[in-house]
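> This is the structure I want to talk about, given as structure tokens.
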Amino acid sequence: MSIPIKLEAFEGPLDLLLHLIDKNKINIYDIPIALITEQYLDYIRQMEAKNLDIMSEFLVMAATLVKIKSRMLLPAPENEEEEGADPRQELVERLLEYKMYKYAAEELKDKQQDAARVVFRAPSIPKEILDYKEEVPVEELLDGLTLAKLYEIYKSIVKKQIEKIDPIRSKFGKIEKEEVNISARFVEIQEYGLVHRKFSFRELFKDQHSRMNVIVSFLCILELIKIGRIKIEQENLFDDINIIYMADDIIQMEEAGF
Amino acid sequence: MKLEHLEARIEAILFSMGEAVELSAVAAAIGQDEDTTRKIINNMADKYDSEDRGIHIIQLDGAYQLCTKPEMYDTIVKITHIPKKYVLTDTLLETLSIIAYKQPITKLQIEAIRGVKSDHAINKLIEYNLICELGRLDAPGRPLLFGTTEEFLRCFGLKSLDALPAINPEKLADFRLEAEEELQLKLEI
Amino acid sequence: MKLEHLEARIEAILFSMGEAVELSAVAAAIGQDEDTTRKIINNMADKYDSEDRGIHIIQLDGAYQLCTKPEMYDTIVKITHIPKKYVLTDTLLETLSIIAYKQPITKLQIEAIRGVKSDHAINKLIEYNLICELGRLDAPGRPLLFGTTEEFLRCFGLKSLDALPAINPEKLADFRLEAEEELQLKLEI
């Protein structure tokens, strides 16, 4: 079956549920969960999943309905002592509360329409009277406040602050953002090459081995190969890759067109 | 001081202030105690009710304000353009009614009742000066507490929060009846 | 239409317009000719002269305006200058106590302790002359440092900040240790 009303017309999942209950002319206390769930899911299917936030709220309600439905299908434990553990109870409570405020909102709407028919006027106090500014009497402000009291307040804040510290997360190390400068690295590698002429790829990371640095260095090497300033060789599979620097000078990244 | 003079002063005060004035402020300005002042204002209110007056005194949570009588609306519209009061959408009204009846209340509590995120509605209501922050709840995260403003009372023609429309007692009775019937049914099973 | 109703309408018009309203505009709004309208307004003006009224109608170049009577001036001055009762809110007290015991302190440090933005509280405390700026911290952004004022000390009868009750002595010892270690580190470098 289809429901010929646009979904945006509903304030939320509870609103839709109320509409379905109303439409089926059923007692809120006796919701036929199976029927309502079906209609509800039908509705969600028609929904254009444009807004995930809104969609998820409706889905949570659908999941709740399905959960209640499945709980009602299960045989009740035989030795159940507390009677009336109706799985619908919580939902009914929520619906009733929501219905109450929806109803109050309608009442307020009428009130507002009536109240909108009166006109107020802006203040007309002469400027010179308004401009007069009174000094704030500090004594009065601190009236009744003692240092002991102020100290109590301070202590309670400090205590709250200590309690607020997450015992697990506070032990995590700091996450630092690292800055890798490609153009600087481009020049650095050449400088190293000019001095050492032949060196292994590994050597480049003697003291810097962050992932970002390796990636940037690797990119620089590729570029230097491409423009013919270095060549590489590897004698056996899995051996170190050796880099041979062939140029006699250093060029900047911009000159290399990198 | 003659009673008439005191009345004149109060009229001048309410007229020039424009906004709602606390009883205590009026009392201090006319040099009378609050009880006397309240009586004088009530007496004035009766006079304003006379049919040759177009304005009257309204009461807002213990403060007083002058405004035109509702039946003057059509006349005033003829001479001036009355700025259209914002129309509150159903979303805003729903959120506002929850705040009005349950204040002070946190955003999370509002959302629990409505079943949907309510940031936008709350921000709009604050923008319209219908609700305001009332402080913070002493709970983890120290969430903000919201409540209604004087402007709310004015916009909805309420003297105080006690004047909020009672949630229809008949409806509530119906609900209860239904619930009882339901219970009976259960017992029969 | 009864005369009283017309008077009520004119009062509502003058009240809501605030400024002076042309006779012709008033006449049109109440659906009467100008002569009749003028007569009604003159009649109203007499009523406003009664001593229980604080406002009256003034005539300006064929236009009419409602305003307070001149003798009400003193009353209006009084209502706007009623000494307010100044009290420190919990937020202000909390912020003040942190500043008193941890001064000199930056806004960021205060906010770190309180867990919420504190601009408003700090500004209010400055306005009340309870705290003041003590200079800037030699750190990135050179944030302002806040401390209590002499006025604050005077009010509590304190000779100097040394007289502030000690923060938990153990904690203080810890702080001192940390500070010393830091100094050592600096010297080693």
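Here, A, B, ... name the chains of the structure tokens in the order displayed, residue numbers run from 1 inside each chain, and ligands are numbered from 1 in the same displayed order.
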Considering only C-alpha atoms, extract the chain B residues located within 7 Å of chain A and return them as a list of chain:residue names.
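Within 7 Å of chain A on chain B, we get B:Ser16, B:Met17, B:Gly18, B:Glu19, B:Leu66, B:Cys67, B:Thr68, B:Lys69, B:Pro70, B:Tyr73, B:Thr91, B:Leu93, B:Glu94, B:Ser97, B:Ile98, B:Ile113, B:Arg114, B:Gly115, B:Val116, B:Cys155, B:Phe156, B:Gly157, B:Pro165, B:Ile167, B:Ala179.
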> Could you take the residues named above and write them with N, CA and C atoms, as a PDB file, in the first residue's frame?

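Writing the result to part_25.pdb gives the following:
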```pdb
ATOM      1  N   SER B  16       6.724  55.638  28.529  1.00  0.00           N
ATOM      2  CA  SER B  16       8.057  56.002  28.054  1.00  0.00           C
ATOM      3  C   SER B  16       8.993  54.807  27.999  1.00  0.00           C
ATOM      4  N   MET B  17       8.824  53.854  28.901  1.00  0.00           N
ATOM      5  CA  MET B  17       9.713  52.689  28.884  1.00  0.00           C
ATOM      6  C   MET B  17       9.405  51.789  27.691  1.00  0.00           C
ATOM      7  N   GLY B  18       8.166  51.745  27.287  1.00  0.00           N
ATOM      8  CA  GLY B  18       7.821  50.906  26.137  1.00  0.00           C
ATOM      9  C   GLY B  18       7.815  49.439  26.470  1.00  0.00           C
ATOM     10  N   GLU B  19       8.930  48.953  27.014  1.00  0.00           N
ATOM     11  CA  GLU B  19       9.000  47.527  27.331  1.00  0.00           C
ATOM     12  C   GLU B  19       8.343  47.212  28.679  1.00  0.00           C
ATOM     13  N   LEU B  66       2.455  48.481  28.533  1.00  0.00           N
ATOM     14  CA  LEU B  66       1.317  49.071  27.836  1.00  0.00           C
ATOM     15  C   LEU B  66       1.286  48.544  26.406  1.00  0.00           C
ATOM     16  N   CYS B  67       0.098  48.237  25.917  1.00  0.00           N
ATOM     17  CA  CYS B  67      -0.016  47.894  24.502  1.00  0.00           C
ATOM     18  C   CYS B  67      -1.436  48.193  24.031  1.00  0.00           C
ATOM     19  N   THR B  68      -1.626  48.164  22.731  1.00  0.00           N
ATOM     20  CA  THR B  68      -2.957  48.448  22.207  1.00  0.00           C
ATOM     21  C   THR B  68      -3.866  47.257  22.488  1.00  0.00           C
ATOM     22  N   LYS B  69      -5.156  47.506  22.547  1.00  0.00           N
ATOM     23  CA  LYS B  69      -6.102  46.407  22.734  1.00  0.00           C
ATOM     24  C   LYS B  69      -6.222  45.609  21.435  1.00  0.00           C
ATOM     25  N   PRO B  70      -6.444  44.320  21.560  1.00  0.00           N
ATOM     26  CA  PRO B  70      -6.499  43.477  20.350  1.00  0.00           C
ATOM     27  C   PRO B  70      -7.532  43.975  19.329  1.00  0.00           C
ATOM     28  N   TYR B  73      -6.636  46.298  16.353  1.00  0.00           N
ATOM     29  CA  TYR B  73      -5.748  45.825  15.290  1.00  0.00           C
ATOM     30  C   TYR B  73      -6.159  46.327  13.908  1.00  0.00           C
ATOM     31  N   THR B  91       7.636  22.624  13.302  1.00  0.00           N
ATOM     32  CA  THR B  91       8.843  22.161  13.995  1.00  0.00           C
ATOM     33  C   THR B  91       9.167  23.087  15.162  1.00  0.00           C
ATOM     34  N   LEU B  93       7.182  25.261  16.681  1.00  0.00           N
ATOM     35  CA  LEU B  93       6.125  25.252  17.698  1.00  0.00           C
ATOM     36  C   LEU B  93       6.251  24.032  18.601  1.00  0.00           C
ATOM     37  N   GLU B  94       6.523  22.903  17.963  1.00  0.00           N
ATOM     38  CA  GLU B  94       6.643  21.648  18.711  1.00  0.00           C
ATOM     39  C   GLU B  94       7.795  21.757  19.712  1.00  0.00           C
ATOM     40  N   SER B  97       6.992  24.234  22.480  1.00  0.00           N
ATOM     41  CA  SER B  97       6.047  23.778  23.503  1.00  0.00           C
ATOM     42  C   SER B  97       6.727  22.820  24.479  1.00  0.00           C
ATOM     43  N   ILE B  98       7.631  22.006  23.975  1.00  0.00           N
ATOM     44  CA  ILE B  98       8.371  21.115  24.878  1.00  0.00           C
ATOM     45  C   ILE B  98       9.194  21.941  25.868  1.00  0.00           C
ATOM     46  N   ILE B 113      12.512  13.557  23.310  1.00  0.00           N
ATOM     47  CA  ILE B 113      11.047  13.593  23.205  1.00  0.00           C
ATOM     48  C   ILE B 113      10.612  13.648  21.741  1.00  0.00           C
ATOM     49  N   ARG B 114      11.320  14.474  20.939  1.00  0.00           N
ATOM     50  CA  ARG B 114      10.896  14.652  19.551  1.00  0.00           C
ATOM     51  C   ARG B 114      11.351  13.503  18.660  1.00  0.00           C
ATOM     52  N   GLY B 115      12.435  12.859  19.063  1.00  0.00           N
ATOM     53  CA  GLY B 115      12.933  11.769  18.238  1.00  0.00           C
ATOM     54  C   GLY B 115      13.762  12.240  17.062  1.00  0.00           C
ATOM     55  N   VAL B 116      14.030  13.545  16.997  1.00  0.00           N
ATOM     56  CA  VAL B 116      14.868  14.084  15.911  1.00  0.00           C
ATOM     57  C   VAL B 116      15.810  15.142  16.460  1.00  0.00           C
ATOM     58  N   CYS B 155       4.487  37.158  23.171  1.00  0.00           N
ATOM     59  CA  CYS B 155       4.043  36.669  21.859  1.00  0.00           C
ATOM     60  C   CYS B 155       2.840  35.745  21.958  1.00  0.00           C
ATOM     61  N   PHE B 156       2.707  35.092  23.086  1.00  0.00           N
ATOM     62  CA  PHE B 156       1.623  34.135  23.204  1.00  0.00           C
ATOM     63  C   PHE B 156       0.533  34.632  24.145  1.00  0.00           C
ATOM     64  N   GLY B 157       0.655  35.912  24.537  1.00  0.00           N
ATOM     65  CA  GLY B 157      -0.379  36.519  25.361  1.00  0.00           C
ATOM     66  C   GLY B 157      -0.555  35.827  26.706  1.00  0.00           C
ATOM     67  N   PRO B 165      -1.550  26.983  28.363  1.00  0.00           N
ATOM     68  CA  PRO B 165      -2.760  26.182  28.237  1.00  0.00           C
ATOM     69  C   PRO B 165      -2.548  24.803  28.867  1.00  0.00           C
ATOM     70  N   ILE B 167      -2.806  21.038  29.267  1.00  0.00           N
ATOM     71  CA  ILE B 167      -2.959  20.054  28.207  1.00  0.00           C
ATOM     72  C   ILE B 167      -4.311  19.387  28.406  1.00  0.00           C
ATOM     73  N   ALA B 179      -6.599   3.277  28.345  1.00  0.00           N
ATOM     74  CA  ALA B 179      -5.583   2.445  28.978  1.00  0.00           C
ATOM     75  C   ALA B 179      -6.222   1.428  29.910  1.00  0.00           C
TER      76      ALA B 179
END
```
> Considering only C-alpha atoms, give me a table of residues in chain B that are at most 10 Å from chain C, with the closest atom pair and distance in Å for each, as a tab-separated table.

```
residue	atom	partner	partner_atom	distance
B:Lys2	CA	C:Asp52	CA	9.2
B:Leu3	CA	C:Asp52	CA	7.8
B:Glu4	CA	C:Asp52	CA	4.1
B:His5	CA	C:Asp52	CA	5.6
B:Leu6	CA	C:Asp52	CA	7.4
B:Glu7	CA	C:Asp52	CA	5.4
B:Ala8	CA	C:Gly54	CA	3.8
B:Arg9	CA	C:Gly54	CA	5.5
B:Ile10	CA	C:Gly54	CA	7.2
B:Glu11	CA	C:Gly54	CA	5.1
B:Ala12	CA	C:Gly54	CA	4.5
B:Ile13	CA	C:Ile76	CA	5.9
B:Leu14	CA	C:Ile76	CA	9.4
B:Phe15	CA	C:Thr68	CA	7.4
B:Ser16	CA	C:Thr68	CA	7.1
B:Met17	CA	C:Ile76	CA	8.4
B:Val21	CA	C:Ile79	CA	9.1
B:Ser24	CA	C:Ile82	CA	9.7
B:Ala25	CA	C:Ile79	CA	6.5
B:Val26	CA	C:Ile79	CA	6.9
B:Ala27	CA	C:Ile79	CA	9.2
B:Ala28	CA	C:Ile82	CA	7.1
B:Ala29	CA	C:Ile79	CA	5.0
B:Ile30	CA	C:Thr75	CA	7.0
B:Gly31	CA	C:Lys78	CA	9.8
B:Met44	CA	C:Asp52	CA	9.3
B:Tyr48	CA	C:Ala8	CA	9.9
B:Ser50	CA	C:Glu4	CA	8.8
B:Glu51	CA	C:Glu4	CA	5.9
B:Asp52	CA	C:Glu4	CA	4.1
B:Arg53	CA	C:Ala8	CA	4.2
B:Gly54	CA	C:Ala8	CA	3.9
B:Ile55	CA	C:Ala12	CA	5.8
B:His56	CA	C:Ala12	CA	9.5
B:Leu66	CA	C:Phe15	CA	9.4
B:Cys67	CA	C:Ser16	CA	8.1
B:Thr68	CA	C:Ala12	CA	5.6
B:Lys69	CA	C:Ala12	CA	7.6
B:Pro70	CA	C:Ala12	CA	9.9
B:Glu71	CA	C:Arg9	CA	9.2
B:Met72	CA	C:Arg9	CA	6.3
B:Tyr73	CA	C:Ala12	CA	8.7
B:Asp74	CA	C:Ala29	CA	9.4
B:Thr75	CA	C:Ala29	CA	6.2
B:Ile76	CA	C:Ile13	CA	5.7
B:Val77	CA	C:Ala29	CA	8.7
B:Lys78	CA	C:Ala29	CA	5.6
B:Ile79	CA	C:Ala29	CA	5.7
B:Thr80	CA	C:Met17	CA	7.5
B:His81	CA	C:Met17	CA	9.9
B:Ile82	CA	C:Ser16	CA	9.4
B:Gly135	CA	C:Thr91	CA	8.6
B:Arg136	CA	C:Thr91	CA	9.6
B:Gly141	CA	C:Gly115	CA	8.4
B:Arg142	CA	C:Gly115	CA	8.5
```
> Excluding Leu92 of chain B and residues on its chain fewer than 2 positions from it, collect all residues at most 8 Å away from it, counting only C-alpha atoms, and give them as a count of residues only.
10
> So the first atom is atom CA of Leu219 of chain A and the second is atom CA of Val195 of chain A; what is the distance between them in Å, to one decimal place?
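Here the two named atoms are 20.7 Å from each other.
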> Let me make sure I understand: among C:Lys107, C:Arg154, C:Lys102, C:Arg38, which one has the smallest atom-to-atom distance to Val158 of chain A if we use only C-alpha atoms?
C:Lys102
> Find the spatial neighbours of Glu203 of chain A, counting only C-alpha atoms, within a cut-off of 10 Å - ignore same-chain residues fewer than 5 positions away - and output them as a list in words.
Tyr192, Asp240, Asn242 and Ile243 of chain A
> Would you export the selected residues with all heavy atoms as a tab-separated table (two decimals), in the first residue's frame, please?

```
chain	number	residue	atom	x	y	z
A	192	TYR	N	73.25	15.43	-1.12
A	192	TYR	CA	73.80	14.19	-0.61
A	192	TYR	C	74.49	13.44	-1.74
A	192	TYR	O	75.59	12.90	-1.59
A	192	TYR	CB	72.68	13.33	0.01
A	192	TYR	CG	73.17	12.16	0.79
A	192	TYR	CD1	73.53	12.31	2.14
A	192	TYR	CD2	73.28	10.90	0.20
A	192	TYR	CE1	73.98	11.23	2.86
A	192	TYR	CE2	73.74	9.81	0.93
A	192	TYR	CZ	74.08	9.98	2.28
A	192	TYR	OH	74.54	8.91	2.99
A	240	ASP	N	69.93	-4.08	-1.91
A	240	ASP	CA	69.72	-2.64	-1.81
A	240	ASP	C	69.72	-2.03	-3.20
A	240	ASP	O	70.47	-2.46	-4.08
A	240	ASP	CB	70.89	-2.02	-1.02
A	240	ASP	CG	70.46	-1.72	0.40
A	240	ASP	OD1	69.30	-2.07	0.74
A	240	ASP	OD2	71.25	-1.13	1.14
A	242	ASN	N	70.96	0.79	-5.42
A	242	ASN	CA	72.01	1.82	-5.35
A	242	ASN	C	71.67	2.98	-6.27
A	242	ASN	O	71.17	2.80	-7.37
A	242	ASN	CB	73.36	1.23	-5.74
A	242	ASN	CG	73.88	0.35	-4.61
A	242	ASN	OD1	73.83	0.72	-3.43
A	242	ASN	ND2	74.33	-0.85	-4.98
A	243	ILE	N	71.97	4.14	-5.78
A	243	ILE	CA	71.68	5.35	-6.55
A	243	ILE	C	73.02	5.98	-6.93
A	243	ILE	O	73.92	6.12	-6.09
A	243	ILE	CB	70.86	6.34	-5.69
A	243	ILE	CG1	69.53	5.69	-5.31
A	243	ILE	CG2	70.65	7.66	-6.43
A	243	ILE	CD1	68.78	6.41	-4.23
```
> Per DSSP on the backbone, what are the strand (DSSP E) residues of segment 55-122 of chain C, as a list in words?
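Checking each residue of segment 55-122 of chain C, the strand (DSSP E) ones are Ile55, His56, Ile57, Ile58, Gln59, Leu60, Ala63, Tyr64, Gln65, Leu66, Cys67, Thr68, Ile105 and Thr106 of chain C.
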> Could you turn the residues from that selection into a file that holds N, CA, C and O atoms, as an mmCIF file, in the first residue's frame?

```
data_model
loop_
_atom_site.group_PDB
_atom_site.id
_atom_site.type_symbol
_atom_site.label_atom_id
_atom_site.label_comp_id
_atom_site.auth_asym_id
_atom_site.auth_seq_id
_atom_site.Cartn_x
_atom_site.Cartn_y
_atom_site.Cartn_z
ATOM 1 N N ILE C 55 0.172 60.889 30.379
ATOM 2 C CA ILE C 55 0.498 61.237 28.992
ATOM 3 C C ILE C 55 -0.554 62.213 28.469
ATOM 4 O O ILE C 55 -1.634 62.345 29.033
ATOM 5 N N HIS C 56 -0.232 62.916 27.404
ATOM 6 C CA HIS C 56 -1.221 63.796 26.784
ATOM 7 C C HIS C 56 -0.943 63.923 25.292
ATOM 8 O O HIS C 56 0.070 63.435 24.789
ATOM 9 N N ILE C 57 -1.908 64.591 24.620
ATOM 10 C CA ILE C 57 -1.769 64.760 23.175
ATOM 11 C C ILE C 57 -1.202 66.136 22.901
ATOM 12 O O ILE C 57 -1.699 67.137 23.426
ATOM 13 N N ILE C 58 -0.152 66.188 22.119
ATOM 14 C CA ILE C 58 0.330 67.512 21.709
ATOM 15 C C ILE C 58 0.063 67.681 20.223
ATOM 16 O O ILE C 58 -0.007 66.701 19.464
ATOM 17 N N GLN C 59 -0.109 68.943 19.850
ATOM 18 C CA GLN C 59 -0.432 69.231 18.455
ATOM 19 C C GLN C 59 0.779 69.890 17.825
ATOM 20 O O GLN C 59 1.368 70.817 18.375
ATOM 21 N N LEU C 60 1.179 69.379 16.680
ATOM 22 C CA LEU C 60 2.362 69.898 16.003
ATOM 23 C C LEU C 60 2.000 70.162 14.558
ATOM 24 O O LEU C 60 1.961 69.222 13.754
ATOM 25 N N ALA C 63 -0.564 68.094 13.123
ATOM 26 C CA ALA C 63 -0.388 66.650 13.384
ATOM 27 C C ALA C 63 -0.477 66.441 14.889
ATOM 28 O O ALA C 63 -0.311 67.377 15.664
ATOM 29 N N TYR C 64 -0.767 65.210 15.285
ATOM 30 C CA TYR C 64 -0.951 64.933 16.707
ATOM 31 C C TYR C 64 0.012 63.847 17.168
ATOM 32 O O TYR C 64 0.335 62.922 16.431
ATOM 33 N N GLN C 65 0.435 63.996 18.407
ATOM 34 C CA GLN C 65 1.373 63.013 18.944
ATOM 35 C C GLN C 65 1.094 62.795 20.424
ATOM 36 O O GLN C 65 0.727 63.725 21.147
ATOM 37 N N LEU C 66 1.255 61.563 20.882
ATOM 38 C CA LEU C 66 1.135 61.253 22.309
ATOM 39 C C LEU C 66 2.506 61.389 22.939
ATOM 40 O O LEU C 66 3.499 60.913 22.387
ATOM 41 N N CYS C 67 2.582 62.022 24.095
ATOM 42 C CA CYS C 67 3.856 62.030 24.813
ATOM 43 C C CYS C 67 3.594 62.198 26.304
ATOM 44 O O CYS C 67 2.471 62.484 26.717
ATOM 45 N N THR C 68 4.635 61.985 27.110
ATOM 46 C CA THR C 68 4.445 62.124 28.555
ATOM 47 C C THR C 68 4.332 63.603 28.892
ATOM 48 O O THR C 68 4.871 64.459 28.198
ATOM 49 N N ILE C 105 46.813 34.660 34.805
ATOM 50 C CA ILE C 105 46.298 33.547 34.027
ATOM 51 C C ILE C 105 45.709 34.070 32.715
ATOM 52 O O ILE C 105 45.186 35.187 32.670
ATOM 53 N N THR C 106 45.808 33.277 31.660
ATOM 54 C CA THR C 106 45.254 33.711 30.371
ATOM 55 C C THR C 106 43.817 33.203 30.241
ATOM 56 O O THR C 106 43.395 32.307 30.970
#
```
> Write down as JSON, numbers by chain the residues of chain B whose backbone DSSP state falls under helix (DSSP H, G or I).
{"B": [3, 4, 5, 6, 7, 8, 9, 10, 11, 12, 13, 14, 15, 16, 17, 23, 24, 25, 26, 27, 28, 29, 30, 34, 35, 36, 37, 38, 39, 40, 41, 42, 43, 44, 45, 46, 47, 48, 70, 71, 72, 73, 74, 75, 76, 77, 78, 79, 90, 91, 92, 93, 94, 95, 96, 97, 98, 99, 100, 101, 102, 107, 108, 109, 110, 111, 112, 113, 114, 119, 120, 121, 122, 123, 124, 125, 126, 127, 150, 151, 152, 153, 154, 155, 161, 162, 163, 169, 170, 171, 172, 173, 174, 175, 176, 177, 178, 179, 180, 181, 182, 183, 184, 185, 186, 187, 188]}
> With a distance cut-off of 9 Å and only C-alpha atoms, select the neighbouring residues of Cys132 of chain B, excluding the residue or stretch itself and same-chain residues fewer than 5 positions from it, and output the selection as a list in words.
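Listing them by chain and then by number gives Leu125, Ile126, Leu145, Phe146, Gly147, Thr148 and Thr149 of chain B.
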